[in-house]
file start-v4.pdb (PDB, C-alpha atoms)
ATOM      1  CA  MET G  12      97.590 105.871 101.893
ATOM      2  CA  SER G  13      99.782 108.209  99.887
ATOM      3  CA  HIS G  14     101.073 111.384 101.478
ATOM      4  CA  THR G  15     104.167 113.424 102.097
ATOM      5  CA  PRO G  16     106.331 111.443 104.516
ATOM      6  CA  GLY G  17     106.798 112.907 107.939
ATOM      7  CA  VAL G  18     104.240 115.637 107.525
ATOM      8  CA  THR G  19     101.050 113.873 108.480
ATOM      9  CA  GLY G  20     102.574 111.688 111.162
ATOM     10  CA  LEU G  21      99.358 109.719 111.600
ATOM     11  CA  ASP G  22     100.800 106.348 110.643
ATOM     12  CA  ASP G  23     102.346 104.628 113.655
ATOM     13  CA  ASP G  24     105.083 103.021 111.571
ATOM     14  CA  GLU G  25     106.006 106.209 109.734
ATOM     15  CA  PRO G  26     109.318 107.739 110.773
ATOM     16  CA  ARG G  27     109.301 111.480 111.316
ATOM     17  CA  SER G  28     112.224 113.829 111.330
ATOM     18  CA  ASP G  29     112.787 117.547 111.350
ATOM     19  CA  ALA G  30     114.323 117.295 107.869
ATOM     20  CA  ASP G  31     110.892 116.304 106.542
ATOM     21  CA  THR G  32     109.473 119.716 107.438
ATOM     22  CA  ASP G  33     111.830 121.624 105.140
ATOM     23  CA  ALA G  34     110.464 120.692 101.721
ATOM     24  CA  ILE G  35     106.823 121.689 101.653
ATOM     25  CA  ASP G  36     105.093 125.003 101.223
ATOM     26  CA  ALA G  37     101.960 125.938 103.152
ATOM     27  CA  ILE G  38      99.529 125.275 100.325
ATOM     28  CA  GLU G  39     101.064 121.867  99.572
ATOM     29  CA  LEU G  40     100.887 120.939 103.265
ATOM     30  CA  LEU G  41      97.253 122.001 103.542
ATOM     31  CA  HIS G  42      96.275 120.203 100.331
ATOM     32  CA  ALA G  43      97.984 117.035 101.596
ATOM     33  CA  ASP G  44      96.141 117.299 104.929
ATOM     34  CA  HIS G  45      92.839 117.919 103.163
ATOM     35  CA  ASP G  46      93.340 114.949 100.840
ATOM     36  CA  GLU G  47      94.306 112.699 103.731
ATOM     37  CA  VAL G  48      91.314 113.553 105.905
ATOM     38  CA  LEU G  49      88.918 113.183 102.976
ATOM     39  CA  LEU G  50      90.370 109.723 102.357
ATOM     40  CA  MET G  51      89.866 108.871 106.021
ATOM     41  CA  PHE G  52      86.202 109.886 105.756
ATOM     42  CA  GLU G  53      85.871 107.675 102.656
ATOM     43  CA  ASP G  54      87.513 104.833 104.572
ATOM     44  CA  TYR G  55      85.030 105.340 107.402
ATOM     45  CA  GLU G  56      82.141 105.092 104.935
ATOM     46  CA  SER G  57      83.676 101.885 103.603
ATOM     47  CA  LEU G  58      83.902 100.476 107.107
ATOM     48  CA  LEU G  59      80.185 101.139 107.546
ATOM     49  CA  SER G  60      79.275  99.347 104.334
ATOM     50  CA  GLU G  61      81.595  96.454 105.213
ATOM     51  CA  GLU G  62      80.024  96.181 108.660
ATOM     52  CA  ALA G  63      83.432  96.572 110.293
ATOM     53  CA  THR G  64      83.937  96.062 114.002
ATOM     54  CA  ASP G  65      83.262  98.829 116.491
ATOM     55  CA  ASP G  66      86.980  98.856 117.295
ATOM     56  CA  GLU G  67      87.948  99.507 113.659
ATOM     57  CA  ARG G  68      85.443 102.354 113.347
ATOM     58  CA  ALA G  69      86.438 103.838 116.716
ATOM     59  CA  ARG G  70      90.139 103.742 115.832
ATOM     60  CA  LEU G  71      89.539 105.512 112.516
ATOM     61  CA  ALA G  72      87.202 108.072 114.114
ATOM     62  CA  ARG G  73      89.955 108.876 116.649
ATOM     63  CA  ARG G  74      92.478 109.308 113.823
ATOM     64  CA  ILE G  75      90.078 111.642 112.004
ATOM     65  CA  CYS G  76      89.506 113.726 115.130
ATOM     66  CA  THR G  77      93.235 113.943 115.839
ATOM     67  CA  ALA G  78      94.082 114.902 112.270
ATOM     68  CA  LEU G  79      91.415 117.595 112.229
ATOM     69  CA  SER G  80      92.358 118.989 115.642
ATOM     70  CA  VAL G  81      96.018 119.258 114.708
ATOM     71  CA  HIS G  82      95.196 120.738 111.298
ATOM     72  CA  ALA G  83      92.866 123.328 112.824
ATOM     73  CA  ALA G  84      95.500 124.270 115.402
ATOM     74  CA  ILE G  85      98.203 124.980 112.814
ATOM     75  CA  GLU G  86      95.769 127.007 110.761
ATOM     76  CA  GLU G  87      94.569 129.016 113.761
ATOM     77  CA  GLU G  88      98.043 129.535 115.242
ATOM     78  CA  ILE G  89     100.001 130.204 112.058
ATOM     79  CA  LEU G  90      97.994 130.489 108.820
ATOM     80  CA  TYR G  91      95.043 132.649 109.829
ATOM     81  CA  PRO G  92      97.103 135.344 111.574
ATOM     82  CA  VAL G  93      99.183 135.715 108.383
ATOM     83  CA  ALA G  94      96.009 135.760 106.288
ATOM     84  CA  GLY G  95      94.571 138.413 108.593
ATOM     85  CA  GLU G  96      97.610 140.604 107.992
ATOM     86  CA  LEU G  97      97.730 140.146 104.216
ATOM     87  CA  LEU G  98      94.077 140.149 103.195
ATOM     88  CA  ASP G  99      91.916 143.243 103.049
ATOM     89  CA  ASP G 100      88.747 141.203 103.542
ATOM     90  CA  GLN G 101      88.764 139.583 106.993
ATOM     91  CA  ARG G 102      85.534 137.747 106.214
ATOM     92  CA  LEU G 103      87.372 134.707 104.825
ATOM     93  CA  VAL G 104      89.314 134.242 108.058
ATOM     94  CA  GLU G 105      86.195 134.816 110.160
ATOM     95  CA  VAL G 106      84.251 132.220 108.163
ATOM     96  CA  ALA G 107      87.114 129.732 108.452
ATOM     97  CA  LEU G 108      87.255 130.226 112.225
ATOM     98  CA  SER G 109      83.490 129.747 112.444
ATOM     99  CA  GLU G 110      83.767 126.508 110.476
ATOM    100  CA  HIS G 111      86.514 125.368 112.843
ATOM    101  CA  ALA G 112      84.223 126.069 115.802
ATOM    102  CA  ASN G 113      81.506 123.910 114.221
ATOM    103  CA  ALA G 114      83.987 121.103 113.589
ATOM    104  CA  ASP G 115      85.428 121.413 117.118
ATOM    105  CA  GLU G 116      81.960 121.004 118.584
ATOM    106  CA  LEU G 117      81.367 117.806 116.601
ATOM    107  CA  ILE G 118      84.837 116.493 117.462
ATOM    108  CA  GLY G 119      84.159 117.127 121.142
ATOM    109  CA  GLU G 120      80.866 115.267 120.913
ATOM    110  CA  LEU G 121      82.520 112.335 119.128
ATOM    111  CA  ARG G 122      85.318 112.150 121.674
ATOM    112  CA  SER G 123      82.787 112.010 124.506
ATOM    113  CA  MET G 124      80.620 109.352 122.860
ATOM    114  CA  SER G 125      80.932 105.612 122.847
ATOM    115  CA  ILE G 126      81.155 103.977 119.425
ATOM    116  CA  ASP G 127      77.992 101.967 120.178
ATOM    117  CA  GLU G 128      75.830 105.044 120.744
ATOM    118  CA  PRO G 129      73.136 105.329 118.059
ATOM    119  CA  LEU G 130      74.228 108.706 116.660
ATOM    120  CA  PHE G 131      77.978 108.092 116.518
ATOM    121  CA  ASP G 132      78.120 107.292 112.805
ATOM    122  CA  GLU G 133      75.782 110.182 112.005
ATOM    123  CA  LYS G 134      78.100 112.570 113.881
ATOM    124  CA  VAL G 135      81.048 111.333 111.804
ATOM    125  CA  ALA G 136      78.971 111.927 108.662
ATOM    126  CA  ALA G 137      78.013 115.433 109.842
ATOM    127  CA  LEU G 138      81.669 116.195 110.549
ATOM    128  CA  SER G 139      82.542 115.020 107.052
ATOM    129  CA  VAL G 140      80.043 117.472 105.532
ATOM    130  CA  VAL G 141      81.337 120.384 107.630
ATOM    131  CA  ILE G 142      84.932 119.583 106.711
ATOM    132  CA  GLN G 143      84.189 119.172 103.001
ATOM    133  CA  ARG G 144      82.576 122.626 102.921
ATOM    134  CA  HIS G 145      85.515 124.105 104.829
ATOM    135  CA  ILE G 146      88.049 122.535 102.488
ATOM    136  CA  ASP G 147      86.178 123.742  99.412
ATOM    137  CA  ALA G 148      86.044 127.331 100.696
ATOM    138  CA  GLU G 149      89.657 127.326 101.806
ATOM    139  CA  GLU G 150      91.013 125.869  98.571
ATOM    140  CA  GLU G 151      88.831 127.997  96.294
ATOM    141  CA  ASP G 152      89.124 131.325  98.111
ATOM    142  CA  LEU G 153      91.565 131.702 100.987
ATOM    143  CA  LEU G 154      94.625 129.813  99.727
ATOM    144  CA  PRO G 155      94.668 131.365  96.235
ATOM    145  CA  LEU G 156      94.367 134.839  97.784
ATOM    146  CA  LEU G 157      97.278 134.161 100.120
ATOM    147  CA  SER G 158      99.378 133.136  97.173
ATOM    148  CA  GLN G 159      98.332 136.198  95.168
ATOM    149  CA  GLN G 160      99.110 138.530  98.098
ATOM    150  CA  GLY G 161     102.705 137.316  98.235
ATOM    151  CA  ALA G 162     102.679 135.238 101.402
ATOM    152  CA  ASP G 163     106.006 133.502 102.039
ATOM    153  CA  LEU G 164     104.485 130.074 101.483
ATOM    154  CA  GLN G 165     107.755 128.187 101.977
ATOM    155  CA  ASN G 166     108.460 129.728 105.375
ATOM    156  CA  LEU G 167     104.818 129.415 106.364
ATOM    157  CA  GLY G 168     104.799 125.749 105.331
ATOM    158  CA  GLU G 169     107.958 125.005 107.284
ATOM    159  CA  ARG G 170     106.541 126.645 110.415
ATOM    160  CA  MET G 171     103.243 124.815 110.022
ATOM    161  CA  ALA G 172     104.939 121.440 109.432
ATOM    162  CA  GLU G 173     107.163 121.923 112.469
ATOM    163  CA  ARG G 174     104.210 122.855 114.687
ATOM    164  CA  LYS G 175     102.220 119.962 113.308
ATOM    165  CA  LEU G 176     104.921 117.515 114.340
ATOM    166  CA  GLU G 177     104.979 119.032 117.829
ATOM    167  CA  LEU G 178     101.203 118.691 118.160
ATOM    168  CA  LEU G 179     101.228 115.113 116.865
ATOM    169  CA  ASP G 180     103.935 114.209 119.359
ATOM    170  CA  GLU G 181     101.852 115.774 122.150
ATOM    171  CA  GLN G 182      98.798 113.801 121.022
ATOM    172  CA  ALA G 183     100.802 110.572 120.954
ATOM    173  CA  GLN G 184     102.051 111.162 124.495
ATOM    174  CA  GLU G 185      98.485 111.735 125.724
ATOM    175  CA  GLU G 186      97.227 108.427 124.311
TER     176      GLU G 186
END

call {"tool": "encode", "arguments": {"input": "start-v4.pdb", "output": "structure tokens"}}
result
Amino acid sequence: MSHTPGVTGLDDDEPRSDADTDAIDAIELLHADHDEVLLMFEDYESLLSEEATDDERARLARRICTALSVHAAIEEEILYPVAGELLDDQRLVEVALSEHANADELIGELRSMSIDEPLFDEKVAALSVVIQRHIDAEEEDLLPLLSQQGADLQNLGERMAERKLELLDEQAQEE
């Protein structure tokens, strides 16, 4: 898996340091997160076609849910408030928050299900569709507008990367 070191923090053997948060702007960070989660969904599909073990699928589903929860949190806590201040049209932020609510519902259902329940794989597939639509809308509409409106993308990216590391550390301590 190729990604910016220290930013995703989802690989157990990947060292993370505060210095890693200083070199990425908000759009780069979000694109990297989007690419990573889409690859995880592709990997999940591959596991299904390879008839992987329940444990392998469950582990990857947990990683997907964690990545999405952390990503949504940094967007909701940091990105969307800035977007709300800079953009005249609040509809983009409202739609993004609605999409997050849909994803959160599916993530909650997945986290409460056992991997051997009949609809588990279908829920992962449904989550993939919701996330793909969200990513498309965000990358085509919201992020370009933020850039055009003069958002301080470097500062925003640093804040988001720092918060992301905090949330990932919290998640690791809970597991």

call {"tool": "closest_atom_pairs", "arguments": {"input": "start-v4.pdb", "of": "stretch 138-178 of chain G", "to": "stretch 111-129 of chain G", "cutoff": "9 Å", "atoms": "all atoms listed in the file", "output": "Markdown table"}}
result
| residue | atom | partner | partner_atom | distance |
| --- | --- | --- | --- | --- |
| G:Leu138 | CA | G:Ala114 | CA | 6.2 |
| G:Val141 | CA | G:Ala114 | CA | 6.6 |
| G:Ile142 | CA | G:Ala114 | CA | 7.1 |
| G:His145 | CA | G:His111 | CA | 8.2 |

call {"tool": "resolve_selection", "arguments": {"input": "start-v4.pdb", "expression": "the PyMOL selection byres ((chain G and resi 87) around 12)", "output": "MDAnalysis selection string"}}
result
chainID G and resid 79:86 88:95 104:105 107:112 171 174:175

call {"tool": "closest_residue", "arguments": {"input": "start-v4.pdb", "among": "G:Leu179, G:Ala72, G:Leu153, G:Leu130", "to": "G:Glu53", "atoms": "all atoms listed in the file"}}
result
G:Ala72

call {"tool": "residues_around", "arguments": {"input": "start-v4.pdb", "residues": "G:Glu56", "least_positions_apart": "5", "cutoff": "12 Å", "atoms": "only C-alpha atoms", "output": "list in words"}}
result
Leu49, Leu50, Met51, Glu61, Glu62, Ala63, Glu67, Arg68, Leu71, Ala72, Asp132, Glu133, Val135, Ala136 and Ser139 of chain G

call {"tool": "residues_around", "arguments": {"input": "start-v4.pdb", "residues": "stretch 156-167 of chain G", "least_positions_apart": "5", "cutoff": "9 Å", "atoms": "all atoms listed in the file", "output": "PDB file with C-alpha atoms, in the coordinates of the input"}}
result
ATOM      1  CA  ASP G  33     111.830 121.624 105.140  1.00  0.00           C
ATOM      2  CA  ALA G  34     110.464 120.692 101.721  1.00  0.00           C
ATOM      3  CA  ILE G  35     106.823 121.689 101.653  1.00  0.00           C
ATOM      4  CA  ASP G  36     105.093 125.003 101.223  1.00  0.00           C
ATOM      5  CA  ALA G  37     101.960 125.938 103.152  1.00  0.00           C
ATOM      6  CA  ILE G  38      99.529 125.275 100.325  1.00  0.00           C
ATOM      7  CA  ILE G  89     100.001 130.204 112.058  1.00  0.00           C
ATOM      8  CA  LEU G  90      97.994 130.489 108.820  1.00  0.00           C
ATOM      9  CA  VAL G  93      99.183 135.715 108.383  1.00  0.00           C
ATOM     10  CA  ALA G  94      96.009 135.760 106.288  1.00  0.00           C
ATOM     11  CA  LEU G  97      97.730 140.146 104.216  1.00  0.00           C
ATOM     12  CA  LEU G  98      94.077 140.149 103.195  1.00  0.00           C
ATOM     13  CA  GLU G 151      88.831 127.997  96.294  1.00  0.00           C
ATOM     14  CA  ALA G 172     104.939 121.440 109.432  1.00  0.00           C
TER      15      ALA G 172
END

call {"tool": "atom_distance", "arguments": {"input": "start-v4.pdb", "atom1": "atom CA of G:Cys76", "atom2": "atom CA of G:Glu150"}}
result
20.6 Å

call {"tool": "atom_distance", "arguments": {"input": "start-v4.pdb", "atom1": "atom CA of G:Arg102", "atom2": "atom CA of G:His42"}}
result
21.4 Å

call {"tool": "closest_residue", "arguments": {"input": "start-v4.pdb", "among": "G:Val106, G:Ala183, G:Leu58, G:Val48", "to": "G:Glu149", "atoms": "only C-alpha atoms"}}
result
G:Val106

call {"tool": "axis_aligned_box", "arguments": {"input": "start-v4.pdb", "around": "stretch 34-44 of chain G", "padding_each_side": "5 Å", "output": "AutoDock Vina command-line options"}}
result
--center_x 103.3 --center_y 121.5 --center_z 102.3 --size_x 24.3 --size_y 18.9 --size_z 15.4

call {"tool": "atom_distance", "arguments": {"input": "start-v4.pdb", "atom1": "atom CA of G:Arg170", "atom2": "atom CA of G:Asp100"}}
result
24.0 Å

call {"tool": "closest_residue", "arguments": {"input": "start-v4.pdb", "among": "G:Asp65, G:Leu103, G:Glu177, G:Glu169", "to": "G:Pro155", "atoms": "only C-alpha atoms"}}
result
G:Leu103

call {"tool": "closest_residue", "arguments": {"input": "start-v4.pdb", "among": "G:Leu59, G:Gln101, G:Arg73, G:Leu41", "to": "G:Leu154", "atoms": "only C-alpha atoms"}}
result
G:Leu41

call {"tool": "closest_residue", "arguments": {"input": "start-v4.pdb", "among": "G:Glu185, G:Asp54, G:Asp147, G:Glu39", "to": "G:Gly168", "atoms": "only C-alpha atoms"}}
result
G:Glu39

call {"tool": "decode", "arguments": {"input": "start-v4.pdb", "residues": "stretch 141-185 of chain G", "atoms": "N, CA and C atoms", "output": "short mmCIF file (atom, residue, chain, number, x, y, z; two decimals), in the first residue's frame"}}
result
data_model
loop_
_atom_site.label_atom_id
_atom_site.label_comp_id
_atom_site.auth_asym_id
_atom_site.auth_seq_id
_atom_site.Cartn_x
_atom_site.Cartn_y
_atom_site.Cartn_z
N VAL G 141 -21.61 4.24 -0.80
CA VAL G 141 -21.84 5.53 -0.12
C VAL G 141 -20.55 6.35 -0.11
N ILE G 142 -19.46 5.70 0.21
CA ILE G 142 -18.18 6.40 0.31
C ILE G 142 -17.70 6.86 -1.06
N GLN G 143 -17.87 6.04 -2.07
CA GLN G 143 -17.45 6.45 -3.42
C GLN G 143 -18.20 7.70 -3.86
N ARG G 144 -19.50 7.74 -3.61
CA ARG G 144 -20.29 8.93 -3.96
C ARG G 144 -19.81 10.15 -3.18
N HIS G 145 -19.54 9.96 -1.90
CA HIS G 145 -19.07 11.06 -1.06
C HIS G 145 -17.73 11.59 -1.56
N ILE G 146 -16.82 10.69 -1.86
CA ILE G 146 -15.51 11.09 -2.36
C ILE G 146 -15.64 11.86 -3.67
N ASP G 147 -16.45 11.35 -4.58
CA ASP G 147 -16.64 12.02 -5.86
C ASP G 147 -17.14 13.45 -5.66
N ALA G 148 -18.16 13.62 -4.82
CA ALA G 148 -18.73 14.95 -4.59
C ALA G 148 -17.71 15.87 -3.92
N GLU G 149 -17.00 15.35 -2.96
CA GLU G 149 -16.03 16.16 -2.23
C GLU G 149 -14.89 16.61 -3.14
N GLU G 150 -14.37 15.68 -3.94
CA GLU G 150 -13.23 16.01 -4.79
C GLU G 150 -13.63 16.85 -6.00
N GLU G 151 -14.85 16.72 -6.47
CA GLU G 151 -15.28 17.49 -7.63
C GLU G 151 -15.81 18.87 -7.25
N ASP G 152 -16.39 19.00 -6.08
CA ASP G 152 -17.06 20.25 -5.72
C ASP G 152 -16.43 20.96 -4.53
N LEU G 153 -16.46 20.34 -3.37
CA LEU G 153 -16.08 21.01 -2.14
C LEU G 153 -14.60 21.40 -2.11
N LEU G 154 -13.71 20.46 -2.37
CA LEU G 154 -12.28 20.76 -2.25
C LEU G 154 -11.80 21.81 -3.24
N PRO G 155 -12.22 21.75 -4.52
CA PRO G 155 -11.82 22.83 -5.42
C PRO G 155 -12.33 24.21 -4.97
N LEU G 156 -13.55 24.26 -4.45
CA LEU G 156 -14.08 25.54 -3.97
C LEU G 156 -13.29 26.07 -2.79
N LEU G 157 -12.89 25.20 -1.89
CA LEU G 157 -12.07 25.64 -0.75
C LEU G 157 -10.76 26.24 -1.23
N SER G 158 -10.17 25.60 -2.20
CA SER G 158 -8.92 26.11 -2.76
C SER G 158 -9.14 27.46 -3.43
N GLN G 159 -10.20 27.57 -4.20
CA GLN G 159 -10.51 28.83 -4.90
C GLN G 159 -10.83 29.96 -3.93
N GLN G 160 -11.41 29.65 -2.78
CA GLN G 160 -11.80 30.67 -1.80
C GLN G 160 -10.66 31.08 -0.90
N GLY G 161 -9.47 30.54 -1.13
CA GLY G 161 -8.29 30.98 -0.40
C GLY G 161 -8.10 30.36 0.96
N ALA G 162 -8.62 29.18 1.18
CA ALA G 162 -8.40 28.49 2.46
C ALA G 162 -6.90 28.27 2.66
N ASP G 163 -6.44 28.40 3.89
CA ASP G 163 -5.04 28.13 4.21
C ASP G 163 -4.88 26.61 4.29
N LEU G 164 -4.65 26.01 3.12
CA LEU G 164 -4.65 24.55 3.02
C LEU G 164 -3.50 23.91 3.78
N GLN G 165 -2.37 24.60 3.87
CA GLN G 165 -1.23 24.05 4.61
C GLN G 165 -1.55 23.97 6.09
N ASN G 166 -2.03 25.06 6.67
CA ASN G 166 -2.38 25.07 8.08
C ASN G 166 -3.50 24.08 8.36
N LEU G 167 -4.49 24.08 7.50
CA LEU G 167 -5.62 23.16 7.65
C LEU G 167 -5.14 21.71 7.61
N GLY G 168 -4.26 21.41 6.67
CA GLY G 168 -3.71 20.06 6.55
C GLY G 168 -2.92 19.64 7.77
N GLU G 169 -2.13 20.56 8.30
CA GLU G 169 -1.34 20.26 9.50
C GLU G 169 -2.26 19.97 10.69
N ARG G 170 -3.29 20.79 10.85
CA ARG G 170 -4.24 20.58 11.95
C ARG G 170 -4.96 19.24 11.79
N MET G 171 -5.37 18.95 10.56
CA MET G 171 -6.09 17.71 10.31
C MET G 171 -5.19 16.50 10.54
N ALA G 172 -3.94 16.57 10.08
CA ALA G 172 -3.00 15.46 10.26
C ALA G 172 -2.71 15.23 11.74
N GLU G 173 -2.55 16.31 12.48
CA GLU G 173 -2.30 16.19 13.92
C GLU G 173 -3.50 15.54 14.63
N ARG G 174 -4.69 16.00 14.31
CA ARG G 174 -5.90 15.44 14.93
C ARG G 174 -6.08 13.98 14.54
N LYS G 175 -5.75 13.69 13.30
CA LYS G 175 -5.87 12.31 12.81
C LYS G 175 -4.98 11.38 13.63
N LEU G 176 -3.76 11.81 13.87
CA LEU G 176 -2.85 10.99 14.68
C LEU G 176 -3.40 10.77 16.09
N GLU G 177 -3.97 11.83 16.66
CA GLU G 177 -4.57 11.71 18.00
C GLU G 177 -5.70 10.68 17.99
N LEU G 178 -6.57 10.77 16.98
CA LEU G 178 -7.71 9.85 16.90
C LEU G 178 -7.25 8.42 16.66
N LEU G 179 -6.24 8.23 15.83
CA LEU G 179 -5.71 6.89 15.58
C LEU G 179 -5.09 6.30 16.85
N ASP G 180 -4.40 7.14 17.60
CA ASP G 180 -3.83 6.67 18.86
C ASP G 180 -4.93 6.27 19.83
N GLU G 181 -6.01 7.06 19.89
CA GLU G 181 -7.15 6.72 20.74
C GLU G 181 -7.76 5.39 20.33
N GLN G 182 -7.93 5.21 19.02
CA GLN G 182 -8.50 3.96 18.50
C GLN G 182 -7.61 2.77 18.88
N ALA G 183 -6.30 2.94 18.74
CA ALA G 183 -5.38 1.86 19.06
C ALA G 183 -5.45 1.48 20.54
N GLN G 184 -5.62 2.47 21.39
CA GLN G 184 -5.70 2.21 22.83
C GLN G 184 -7.01 1.49 23.20
N GLU G 185 -8.06 1.72 22.42
CA GLU G 185 -9.34 1.08 22.69
C GLU G 185 -9.36 -0.38 22.25
#
